[in-house]
$ cat query.cif   # mmCIF, C-alpha atoms
data_input
#
loop_
_atom_site.label_atom_id
_atom_site.label_comp_id
_atom_site.auth_asym_id
_atom_site.auth_seq_id
_atom_site.Cartn_x
_atom_site.Cartn_y
_atom_site.Cartn_z
CA ASP H 1 0.00 0.00 0.00
CA THR H 2 1.14 3.55 -0.66
CA LEU H 3 0.60 6.56 1.55
CA PRO H 4 0.39 9.85 -0.36
CA THR H 5 2.94 12.58 0.15
CA HIS H 6 1.27 15.72 1.45
CA THR H 7 2.70 19.19 1.93
CA HIS H 8 0.61 22.22 2.86
CA ARG H 9 1.57 25.77 3.70
CA ASP H 10 -0.72 28.51 4.90
CA GLY H 11 0.69 31.94 5.66
CA ASN H 12 -2.15 32.76 8.05
CA LYS H 13 -1.94 29.59 10.08
CA GLY H 14 1.78 28.92 9.90
CA ASP H 15 3.68 26.27 8.03
CA VAL H 16 2.21 22.80 8.06
CA MET H 17 4.14 19.88 6.70
CA ARG H 18 3.43 16.20 6.68
CA LEU H 19 5.51 13.73 4.73
CA SER H 20 4.88 10.11 3.89
CA THR H 21 7.68 8.42 2.01
CA TRP H 22 6.41 4.86 1.91
CA MET H 23 8.15 3.49 -1.19
CA GLY H 24 9.04 0.19 0.40
CA SER H 25 9.20 -1.02 3.96
CA PHE H 26 10.55 -3.97 5.84
CA PHE H 27 9.91 -5.06 9.38
CA PHE H 28 12.80 -6.72 11.15
CA CYS H 29 11.85 -7.96 14.58
CA PHE H 30 13.96 -9.29 17.42
CA PRO H 31 11.41 -10.73 19.87
CA ASP H 32 13.99 -11.74 22.48
CA SER H 33 15.16 -8.17 22.92
CA GLY H 34 11.79 -6.51 22.43
CA VAL H 35 13.23 -4.38 19.66
CA SER H 36 11.27 -3.98 16.47
CA ILE H 37 12.82 -2.02 13.64
CA GLN H 38 10.98 -0.55 10.71
CA ILE H 39 13.13 0.79 7.92
CA GLN H 40 11.60 2.85 5.14
CA TYR H 41 13.37 3.43 1.88
CA LEU H 42 13.02 6.17 -0.69
CA HIS H 43 13.92 3.67 -3.38
CA PRO H 44 12.77 0.05 -3.77
CA VAL H 45 14.82 -2.65 -2.04
CA SER H 46 13.76 -6.25 -2.42
CA ASP H 47 13.07 -8.35 0.63
CA GLU H 48 15.76 -10.75 -0.58
CA ASP H 49 18.41 -8.01 -0.67
CA PHE H 50 17.33 -6.78 2.74
CA GLN H 51 17.55 -10.21 4.33
CA ARG H 52 20.89 -10.89 2.65
CA ALA H 53 22.34 -7.66 4.03
CA CYS H 54 21.13 -8.55 7.52
CA ARG H 55 22.78 -11.97 7.28
CA GLU H 56 26.06 -10.55 6.01
CA LEU H 57 26.14 -8.07 8.89
CA LYS H 58 25.18 -10.88 11.30
CA LEU H 59 22.37 -8.87 12.84
CA THR H 60 20.88 -10.81 15.72
CA GLU H 61 18.51 -10.01 18.56
CA SER H 62 20.67 -7.18 19.89
CA VAL H 63 20.69 -4.28 17.44
CA TRP H 64 22.36 -0.91 18.05
CA THR H 65 21.99 2.24 15.97
CA ILE H 66 25.48 1.70 14.55
CA ASP H 67 24.21 -1.63 13.17
CA LEU H 68 21.50 0.25 11.28
CA ALA H 69 24.10 2.67 9.90
CA TYR H 70 26.10 -0.28 8.54
CA LEU H 71 22.87 -1.71 7.12
CA MET H 72 22.13 1.55 5.31
CA PHE H 73 25.59 1.51 3.75
CA GLN H 74 25.20 -2.15 2.78
CA LEU H 75 21.96 -1.32 0.96
CA GLY H 76 23.37 1.77 -0.74
CA VAL H 77 21.23 4.19 1.25
CA ARG H 78 22.81 7.60 1.82
CA HIS H 79 22.88 8.27 5.55
CA CYS H 80 24.48 10.13 8.43
CA PHE H 81 24.50 8.68 11.93
CA CYS H 82 24.67 11.39 14.62
CA THR H 83 25.32 10.45 18.25
CA GLN H 84 26.61 11.89 21.49
CA THR H 85 28.84 8.88 22.17
CA LEU H 86 31.28 7.27 19.73
CA GLY H 87 31.13 3.81 21.23
CA VAL H 88 29.41 2.21 24.19
CA ASP H 89 28.60 4.23 27.30
CA LYS H 90 29.80 2.01 30.16
CA GLY H 91 27.06 3.48 32.33
CA PHE H 92 24.50 1.51 30.31
CA LYS H 93 25.76 -1.67 31.94
CA ASN H 94 23.63 -0.86 34.96
CA GLN H 95 20.44 -0.35 32.95
CA SER H 96 18.12 -3.34 32.80
CA PHE H 97 17.47 -2.74 29.08
CA TYR H 98 21.16 -3.18 28.20
CA LYS H 99 22.30 -5.50 30.98
CA LYS H 100 21.48 -8.83 29.28
CA HIS H 101 23.77 -8.32 26.27
CA PHE H 102 26.18 -5.64 27.50
CA ASP H 103 29.27 -7.77 28.20
CA THR H 104 29.09 -9.62 24.87
CA GLU H 105 28.13 -6.55 22.84
CA GLU H 106 30.52 -3.90 24.16
CA ASP H 107 33.59 -4.97 22.15
CA ARG H 108 31.58 -5.67 19.01
CA VAL H 109 29.86 -2.28 19.01
CA ASN H 110 33.06 -0.38 19.82
CA LYS H 111 34.79 -2.07 16.86
CA LEU H 112 31.95 -1.03 14.56
CA PHE H 113 32.46 2.59 15.58
CA LEU H 114 36.25 2.29 15.22
CA ASN H 115 36.01 0.85 11.69
CA ALA H 116 33.07 2.93 10.46
CA ASP H 117 35.06 5.53 8.50
CA SER H 118 37.17 2.94 6.67
CA LYS H 119 34.02 0.98 5.80
CA GLY H 120 32.23 4.01 4.34
CA VAL H 121 29.72 4.32 7.20
CA VAL H 122 29.09 8.00 8.05
CA VAL H 123 29.20 8.69 11.80
CA LYS H 124 29.38 12.09 13.51
CA LYS H 125 29.67 12.98 17.18
CA CYS H 126 27.12 15.76 17.54
CA SER H 127 23.73 16.71 18.91
CA VAL H 128 20.96 17.35 16.38
CA THR H 129 18.39 20.03 17.19
CA VAL H 130 14.69 19.62 16.47
CA GLN H 131 14.97 22.50 13.98
CA GLU H 132 17.69 20.61 12.11
CA ILE H 133 15.43 17.54 12.04
CA GLN H 134 12.59 19.64 10.61
CA ASP H 135 14.92 21.11 7.98
CA HIS H 136 15.91 17.56 7.03
CA LEU H 137 12.27 16.47 6.74
CA GLU H 138 11.36 19.56 4.73
CA GLN H 139 13.74 18.41 2.01
CA GLY H 140 11.80 15.18 1.66
CA HIS H 141 14.09 13.00 3.77
CA VAL H 142 13.32 10.90 6.86
CA ALA H 143 15.14 10.01 10.07
CA ILE H 144 15.37 6.87 12.20
CA VAL H 145 15.43 8.01 15.82
CA LEU H 146 16.20 6.05 18.96
CA VAL H 147 13.70 7.00 21.68
CA ASN H 148 12.72 5.93 25.15
CA ALA H 149 9.40 4.21 24.48
CA VAL H 150 8.40 4.59 28.12
CA VAL H 151 8.33 8.36 27.61
CA LEU H 152 7.07 8.65 24.02
CA THR H 153 3.30 9.14 23.84
CA CYS H 154 1.21 9.21 20.66
CA GLU H 155 -1.59 11.76 20.75
CA LEU H 156 -3.61 9.81 18.16
CA CYS H 157 -3.48 6.30 19.62
CA SER H 158 -6.28 5.60 22.10
CA SER H 159 -4.46 3.01 24.21
CA PRO H 160 -0.99 3.80 25.54
CA VAL H 161 1.50 0.94 25.57
CA LYS H 162 1.96 -0.72 28.97
CA TYR H 163 5.33 -2.26 29.76
CA CYS H 164 4.50 -3.92 33.05
CA CYS H 165 1.33 -5.99 33.25
CA PHE H 166 -1.90 -6.56 31.35
CA LEU H 167 -4.49 -5.26 33.77
CA PRO H 168 -7.66 -3.76 32.24
CA VAL H 169 -7.49 -0.09 31.34
CA GLY H 170 -8.30 2.08 34.35
CA GLN H 171 -7.35 -0.54 36.93
CA LYS H 172 -4.54 0.53 39.27
CA CYS H 173 -1.21 -1.11 38.62
CA PHE H 174 1.38 -1.72 41.33
CA CYS H 175 4.10 -2.97 38.99
CA ARG H 176 7.35 -1.06 38.74
CA LYS H 177 7.52 0.88 35.49
CA PRO H 178 10.84 0.50 33.64
CA GLU H 179 12.89 3.66 33.34
CA TYR H 180 14.08 2.98 29.82
CA GLN H 181 12.90 0.94 26.83
CA GLY H 182 14.89 1.59 23.65
CA HIS H 183 12.80 1.77 20.49
CA PHE H 184 13.40 2.97 16.93
CA VAL H 185 10.82 5.14 15.14
CA VAL H 186 10.88 6.66 11.66
CA VAL H 187 10.25 10.41 11.85
CA CYS H 188 8.49 11.49 8.67
CA GLY H 189 6.90 14.92 9.17
CA PHE H 190 5.91 17.83 11.38
CA ASN H 191 3.25 20.49 11.87
CA THR H 192 4.54 23.87 12.96
CA THR H 193 1.04 25.16 13.69
CA THR H 194 0.25 22.56 16.33
CA GLY H 195 3.88 21.93 17.26
CA CYS H 196 3.79 18.19 16.63
CA ILE H 197 6.01 15.53 15.10
CA PHE H 198 4.74 12.69 12.87
CA TYR H 199 6.42 9.32 13.01
CA ASN H 200 5.94 5.69 12.02
CA ASN H 201 6.05 3.30 14.96
CA PRO H 202 6.98 -0.32 14.06
CA ALA H 203 4.52 -1.46 16.73
CA TYR H 204 1.67 -0.02 14.60
CA SER H 205 2.12 -0.67 10.87
CA ASP H 206 -1.33 0.66 9.96
CA ARG H 207 -0.98 4.28 11.03
CA VAL H 208 1.11 7.41 11.38
CA CYS H 209 1.63 8.45 14.98
CA CYS H 210 1.91 11.99 16.31
CA THR H 211 3.39 13.56 19.43
CA SER H 212 4.23 17.02 20.71
CA ILE H 213 7.71 18.38 20.07
CA GLY H 214 8.21 18.53 23.84
CA ASN H 215 7.40 14.84 24.31
CA PHE H 216 9.51 13.89 21.29
CA GLU H 217 12.49 15.81 22.67
CA GLU H 218 12.15 14.21 26.10
CA ALA H 219 11.91 10.72 24.58
CA ARG H 220 14.89 11.05 22.25
CA ARG H 221 17.14 12.77 24.80
CA SER H 222 16.48 10.29 27.63
CA TYR H 223 19.52 8.67 29.18
CA GLY H 224 20.10 5.48 27.22
CA THR H 225 19.57 6.93 23.74
CA ASP H 226 22.85 8.86 23.35
CA GLU H 227 20.57 11.12 21.24
CA ASP H 228 21.12 8.65 18.38
CA ILE H 229 19.59 9.72 15.10
CA LEU H 230 20.15 8.18 11.67
CA LEU H 231 19.45 10.74 8.97
CA ILE H 232 18.29 9.08 5.73
CA PHE H 233 18.53 10.92 2.40
CA LYS H 234 16.24 10.45 -0.58
CA GLU H 235 19.08 10.78 -3.10
CA SER H 236 20.24 7.29 -2.20
#

$ encode --input "query.cif" --output "structure tokens"
Amino acid sequence: DTLPTHTHRDGNKGDVMRLSTWMGSFFFCFPDSGVSIQIQYLHPVSDEDFQRACRELKLTESVWTIDLAYLMFQLGVRHCFCTQTLGVDKGFKNQSFYKKHFDTEEDRVNKLFLNADSKGVVVKKCSVTVQEIQDHLEQGHVAIVLVNAVVLTCELCSSPVKYCCFLPVGQKCFCRKPEYQGHFVVVCGFNTTTGCIFYNNPAYSDRVCCTSIGNFEEARRSYGTDEDILLIFKES
């Protein structure tokens, strides 16, 4: 199915922009880690090529943003991976989300960062502002952003995701809410009038989600994300 691209500007109401760049999509899920990745391309990539690239990169249940950057290069997708930390933050070892795979993954991930430049993978140590993200989207591009799913809230979805138990809605829960749950979303548009960000959430393949800029900023800057953002360019 194809979602139409829509851009609207109104001088009286402010700039409104909403992008949908659904040329081809693949869902790559890692149930053991609870990470589900949706990658959207601005040019067609066959499922066979996608799966082959994943096998060659030996992507398993533990996937870091640097893995996605290597995957973009493998598929010939122009990209730029921006992060606050060039390597693994040792402080993550104490977070429940990272604890299971930290010892086995630390060396692997650090080597990926170390070899990125020689492999043609574009990595920059920098912080990206929300205005820079909007400028990127305005040119017809998209961005894969690592967020804290515990914080991110869609204003359009009726039922918020629960990470503890499965009690009926409205019933008090005494479970301890996790502080961090890493999740990748594809940011695809914004509305400057309402101050919201549009994104595709792999957990919901049938809709475009929306959140306030404030909530988006809190979710992507939470400790555990390193403010990771993978800018994807349509000229790929």

$ closest_residue --input "query.cif" --among "H:Ala219, H:Cys154, H:Ala69, H:Val142" --to "H:Lys119" --atoms "only C-alpha atoms"
H:Ala69

$ residues_around --input "query.cif" --residues "H:Leu146" --least-positions-apart "3" --cutoff "6 Å" --atoms "all atoms listed in the file" --output "ChimeraX atom specification"
/H:183-184,225,228

$ closest_residue --input "query.cif" --among "H:Tyr98, H:Lys93, H:Gly87, H:Gln74" --to "H:Lys125" --atoms "all atoms listed in the file"
H:Gly87

$ resolve_selection --input "query.cif" --expression "the PyMOL selection byres ((chain H and resi 99-102) around 12)" --output "PyMOL selection string"
chain H and resi 32-33+60-64+88-98+103-110+180+224

$ write_last_selection --input "query.cif" --atoms "C-alpha atoms" --output "PDB file, in the frame of the given file"
ATOM      1  CA  ASP H  32      13.990 -11.740  22.480  1.00  0.00           C
ATOM      2  CA  SER H  33      15.160  -8.170  22.920  1.00  0.00           C
ATOM      3  CA  THR H  60      20.880 -10.810  15.720  1.00  0.00           C
ATOM      4  CA  GLU H  61      18.510 -10.010  18.560  1.00  0.00           C
ATOM      5  CA  SER H  62      20.670  -7.180  19.890  1.00  0.00           C
ATOM      6  CA  VAL H  63      20.690  -4.280  17.440  1.00  0.00           C
ATOM      7  CA  TRP H  64      22.360  -0.910  18.050  1.00  0.00           C
ATOM      8  CA  VAL H  88      29.410   2.210  24.190  1.00  0.00           C
ATOM      9  CA  ASP H  89      28.600   4.230  27.300  1.00  0.00           C
ATOM     10  CA  LYS H  90      29.800   2.010  30.160  1.00  0.00           C
ATOM     11  CA  GLY H  91      27.060   3.480  32.330  1.00  0.00           C
ATOM     12  CA  PHE H  92      24.500   1.510  30.310  1.00  0.00           C
ATOM     13  CA  LYS H  93      25.760  -1.670  31.940  1.00  0.00           C
ATOM     14  CA  ASN H  94      23.630  -0.860  34.960  1.00  0.00           C
ATOM     15  CA  GLN H  95      20.440  -0.350  32.950  1.00  0.00           C
ATOM     16  CA  SER H  96      18.120  -3.340  32.800  1.00  0.00           C
ATOM     17  CA  PHE H  97      17.470  -2.740  29.080  1.00  0.00           C
ATOM     18  CA  TYR H  98      21.160  -3.180  28.200  1.00  0.00           C
ATOM     19  CA  ASP H 103      29.270  -7.770  28.200  1.00  0.00           C
ATOM     20  CA  THR H 104      29.090  -9.620  24.870  1.00  0.00           C
ATOM     21  CA  GLU H 105      28.130  -6.550  22.840  1.00  0.00           C
ATOM     22  CA  GLU H 106      30.520  -3.900  24.160  1.00  0.00           C
ATOM     23  CA  ASP H 107      33.590  -4.970  22.150  1.00  0.00           C
ATOM     24  CA  ARG H 108      31.580  -5.670  19.010  1.00  0.00           C
ATOM     25  CA  VAL H 109      29.860  -2.280  19.010  1.00  0.00           C
ATOM     26  CA  ASN H 110      33.060  -0.380  19.820  1.00  0.00           C
ATOM     27  CA  TYR H 180      14.080   2.980  29.820  1.00  0.00           C
ATOM     28  CA  GLY H 224      20.100   5.480  27.220  1.00  0.00           C
TER      29      GLY H 224
END

$ atom_distance --input "query.cif" --atom1 "atom CA of H:Gln181" --atom2 "atom CA of H:Leu112"
22.7 Å

$ closest_residue --input "query.cif" --among "H:Val121, H:Ile232, H:Ile144, H:Val151" --to "H:Asn201" --atoms "only C-alpha atoms"
H:Ile144

$ residues_near_point --input "query.cif" --point "(16.3, 9.7, 18.0)" --cutoff "6 Å" --atoms "all atoms listed in the file" --output "list of chain:residue names"
H:Val145, H:Leu146, H:Val147, H:Arg220, H:Glu227, H:Asp228, H:Ile229

$ atom_distance --input "query.cif" --atom1 "atom CA of H:Asp49" --atom2 "atom CA of H:Arg78"
16.4 Å

$ resolve_selection --input "query.cif" --expression "the PyMOL selection byres ((chain H and resi 233) around 9)" --output "ChimeraX atom specification"
/H:42,77-80,136,139-143,231-232,234-236

$ write_last_selection --input "query.cif" --atoms "C-alpha atoms" --output "PDB file, keeping the file's coordinate frame"
ATOM      1  CA  LEU H  42      13.020   6.170  -0.690  1.00  0.00           C
ATOM      2  CA  VAL H  77      21.230   4.190   1.250  1.00  0.00           C
ATOM      3  CA  ARG H  78      22.810   7.600   1.820  1.00  0.00           C
ATOM      4  CA  HIS H  79      22.880   8.270   5.550  1.00  0.00           C
ATOM      5  CA  CYS H  80      24.480  10.130   8.430  1.00  0.00           C
ATOM      6  CA  HIS H 136      15.910  17.560   7.030  1.00  0.00           C
ATOM      7  CA  GLN H 139      13.740  18.410   2.010  1.00  0.00           C
ATOM      8  CA  GLY H 140      11.800  15.180   1.660  1.00  0.00           C
ATOM      9  CA  HIS H 141      14.090  13.000   3.770  1.00  0.00           C
ATOM     10  CA  VAL H 142      13.320  10.900   6.860  1.00  0.00           C
ATOM     11  CA  ALA H 143      15.140  10.010  10.070  1.00  0.00           C
ATOM     12  CA  LEU H 231      19.450  10.740   8.970  1.00  0.00           C
ATOM     13  CA  ILE H 232      18.290   9.080   5.730  1.00  0.00           C
ATOM     14  CA  LYS H 234      16.240  10.450  -0.580  1.00  0.00           C
ATOM     15  CA  GLU H 235      19.080  10.780  -3.100  1.00  0.00           C
ATOM     16  CA  SER H 236      20.240   7.290  -2.200  1.00  0.00           C
TER      17      SER H 236
END

$ atom_distance --input "query.cif" --atom1 "atom CA of H:Val122" --atom2 "atom CA of H:Asn191"
29.0 Å

$ resolve_selection --input "query.cif" --expression "the PyMOL selection byres ((chain H and resi 190) around 10)" --output "MDAnalysis selection string"
chainID H and resid 15:19 133:134 137:138 187:189 191:199 210:213

$ closest_residue --input "query.cif" --among "H:Thr153, H:Asp47, H:Leu75, H:Leu86" --to "H:Asp117" --atoms "all atoms listed in the file"
H:Leu86

$ closest_residue --input "query.cif" --among "H:Cys157, H:Arg221, H:Leu230, H:Ser118" --to "H:Arg207" --atoms "only C-alpha atoms"
H:Cys157

$ closest_residue --input "query.cif" --among "H:Ala203, H:Ile66, H:Gln131, H:Val208" --to "H:Lys111" --atoms "all atoms listed in the file"
H:Ile66

$ build_atoms --input "query.cif" --residues "stretch 73-84 of chain H" --atoms "all heavy atoms" --output "mmCIF file, in the frame of the given file"
data_model
loop_
_atom_site.group_PDB
_atom_site.id
_atom_site.type_symbol
_atom_site.label_atom_id
_atom_site.label_comp_id
_atom_site.auth_asym_id
_atom_site.auth_seq_id
_atom_site.Cartn_x
_atom_site.Cartn_y
_atom_site.Cartn_z
ATOM 1 N N PHE H 73 24.479 1.520 4.701
ATOM 2 C CA PHE H 73 25.590 1.510 3.750
ATOM 3 C C PHE H 73 25.545 0.260 2.881
ATOM 4 O O PHE H 73 25.750 0.321 1.666
ATOM 5 C CB PHE H 73 26.936 1.560 4.498
ATOM 6 C CG PHE H 73 28.124 1.432 3.591
ATOM 7 C CD1 PHE H 73 28.552 2.501 2.814
ATOM 8 C CD2 PHE H 73 28.808 0.213 3.488
ATOM 9 C CE1 PHE H 73 29.638 2.366 1.948
ATOM 10 C CE2 PHE H 73 29.879 0.075 2.636
ATOM 11 C CZ PHE H 73 30.304 1.156 1.864
ATOM 12 N N GLN H 74 25.254 -0.875 3.502
ATOM 13 C CA GLN H 74 25.200 -2.150 2.780
ATOM 14 C C GLN H 74 24.142 -2.116 1.687
ATOM 15 O O GLN H 74 24.314 -2.720 0.621
ATOM 16 C CB GLN H 74 24.889 -3.270 3.774
ATOM 17 C CG GLN H 74 25.058 -4.674 3.218
ATOM 18 C CD GLN H 74 26.478 -5.177 3.327
ATOM 19 O OE1 GLN H 74 27.385 -4.409 3.659
ATOM 20 N NE2 GLN H 74 26.693 -6.442 3.041
ATOM 21 N N LEU H 75 23.056 -1.387 1.922
ATOM 22 C CA LEU H 75 21.960 -1.320 0.960
ATOM 23 C C LEU H 75 22.086 -0.130 0.009
ATOM 24 O O LEU H 75 21.210 0.101 -0.819
ATOM 25 C CB LEU H 75 20.618 -1.234 1.709
ATOM 26 C CG LEU H 75 20.247 -2.484 2.527
ATOM 27 C CD1 LEU H 75 19.023 -2.202 3.386
ATOM 28 C CD2 LEU H 75 19.997 -3.673 1.611
ATOM 29 N N GLY H 76 23.162 0.638 0.154
ATOM 30 C CA GLY H 76 23.370 1.770 -0.740
ATOM 31 C C GLY H 76 22.492 2.961 -0.422
ATOM 32 O O GLY H 76 22.199 3.777 -1.307
ATOM 33 N N VAL H 77 22.078 3.084 0.818
ATOM 34 C CA VAL H 77 21.230 4.190 1.250
ATOM 35 C C VAL H 77 22.101 5.290 1.840
ATOM 36 O O VAL H 77 22.847 5.054 2.792
ATOM 37 C CB VAL H 77 20.184 3.725 2.288
ATOM 38 C CG1 VAL H 77 19.344 4.910 2.756
ATOM 39 C CG2 VAL H 77 19.297 2.636 1.708
ATOM 40 N N ARG H 78 22.025 6.477 1.289
ATOM 41 C CA ARG H 78 22.810 7.600 1.820
ATOM 42 C C ARG H 78 22.320 7.939 3.217
ATOM 43 O O ARG H 78 21.110 8.075 3.454
ATOM 44 C CB ARG H 78 22.672 8.813 0.904
ATOM 45 C CG ARG H 78 23.578 9.979 1.319
ATOM 46 C CD ARG H 78 23.364 11.176 0.426
ATOM 47 N NE ARG H 78 23.948 12.370 1.031
ATOM 48 C CZ ARG H 78 23.496 13.589 0.848
ATOM 49 N NH1 ARG H 78 22.451 13.803 0.066
ATOM 50 N NH2 ARG H 78 24.070 14.622 1.440
ATOM 51 N N HIS H 79 23.241 8.127 4.143
ATOM 52 C CA HIS H 79 22.880 8.270 5.550
ATOM 53 C C HIS H 79 23.906 9.106 6.284
ATOM 54 O O HIS H 79 25.003 9.374 5.791
ATOM 55 C CB HIS H 79 22.828 6.886 6.207
ATOM 56 C CG HIS H 79 24.182 6.225 6.227
ATOM 57 N ND1 HIS H 79 24.712 5.595 5.115
ATOM 58 C CD2 HIS H 79 25.134 6.149 7.194
ATOM 59 C CE1 HIS H 79 25.920 5.160 5.398
ATOM 60 N NE2 HIS H 79 26.209 5.478 6.658
ATOM 61 N N CYS H 80 23.546 9.481 7.507
ATOM 62 C CA CYS H 80 24.480 10.130 8.430
ATOM 63 C C CYS H 80 24.005 9.811 9.846
ATOM 64 O O CYS H 80 22.898 10.189 10.240
ATOM 65 C CB CYS H 80 24.516 11.644 8.224
ATOM 66 S SG CYS H 80 25.666 12.495 9.350
ATOM 67 N N PHE H 81 24.838 9.086 10.574
ATOM 68 C CA PHE H 81 24.500 8.680 11.930
ATOM 69 C C PHE H 81 25.101 9.691 12.915
ATOM 70 O O PHE H 81 26.312 9.839 13.012
ATOM 71 C CB PHE H 81 25.044 7.273 12.196
ATOM 72 C CG PHE H 81 24.967 6.801 13.623
ATOM 73 C CD1 PHE H 81 23.978 7.273 14.490
ATOM 74 C CD2 PHE H 81 25.874 5.869 14.104
ATOM 75 C CE1 PHE H 81 23.914 6.839 15.802
ATOM 76 C CE2 PHE H 81 25.819 5.424 15.415
ATOM 77 C CZ PHE H 81 24.843 5.903 16.266
ATOM 78 N N CYS H 82 24.238 10.394 13.638
ATOM 79 C CA CYS H 82 24.670 11.390 14.620
ATOM 80 C C CYS H 82 24.424 10.839 16.031
ATOM 81 O O CYS H 82 23.340 10.321 16.318
ATOM 82 C CB CYS H 82 23.909 12.693 14.440
ATOM 83 S SG CYS H 82 24.124 13.445 12.805
ATOM 84 N N THR H 83 25.423 10.973 16.898
ATOM 85 C CA THR H 83 25.320 10.450 18.250
ATOM 86 C C THR H 83 26.173 11.263 19.204
ATOM 87 O O THR H 83 27.130 11.923 18.786
ATOM 88 C CB THR H 83 25.764 8.967 18.299
ATOM 89 O OG1 THR H 83 25.665 8.471 19.639
ATOM 90 C CG2 THR H 83 27.193 8.796 17.806
ATOM 91 N N GLN H 84 25.841 11.197 20.473
ATOM 92 C CA GLN H 84 26.610 11.890 21.490
ATOM 93 C C GLN H 84 27.812 11.070 21.966
ATOM 94 O O GLN H 84 28.737 11.600 22.574
ATOM 95 C CB GLN H 84 25.725 12.199 22.712
ATOM 96 C CG GLN H 84 24.696 13.288 22.469
ATOM 97 C CD GLN H 84 25.303 14.676 22.577
ATOM 98 O OE1 GLN H 84 26.209 15.054 21.843
ATOM 99 N NE2 GLN H 84 24.813 15.448 23.533
#
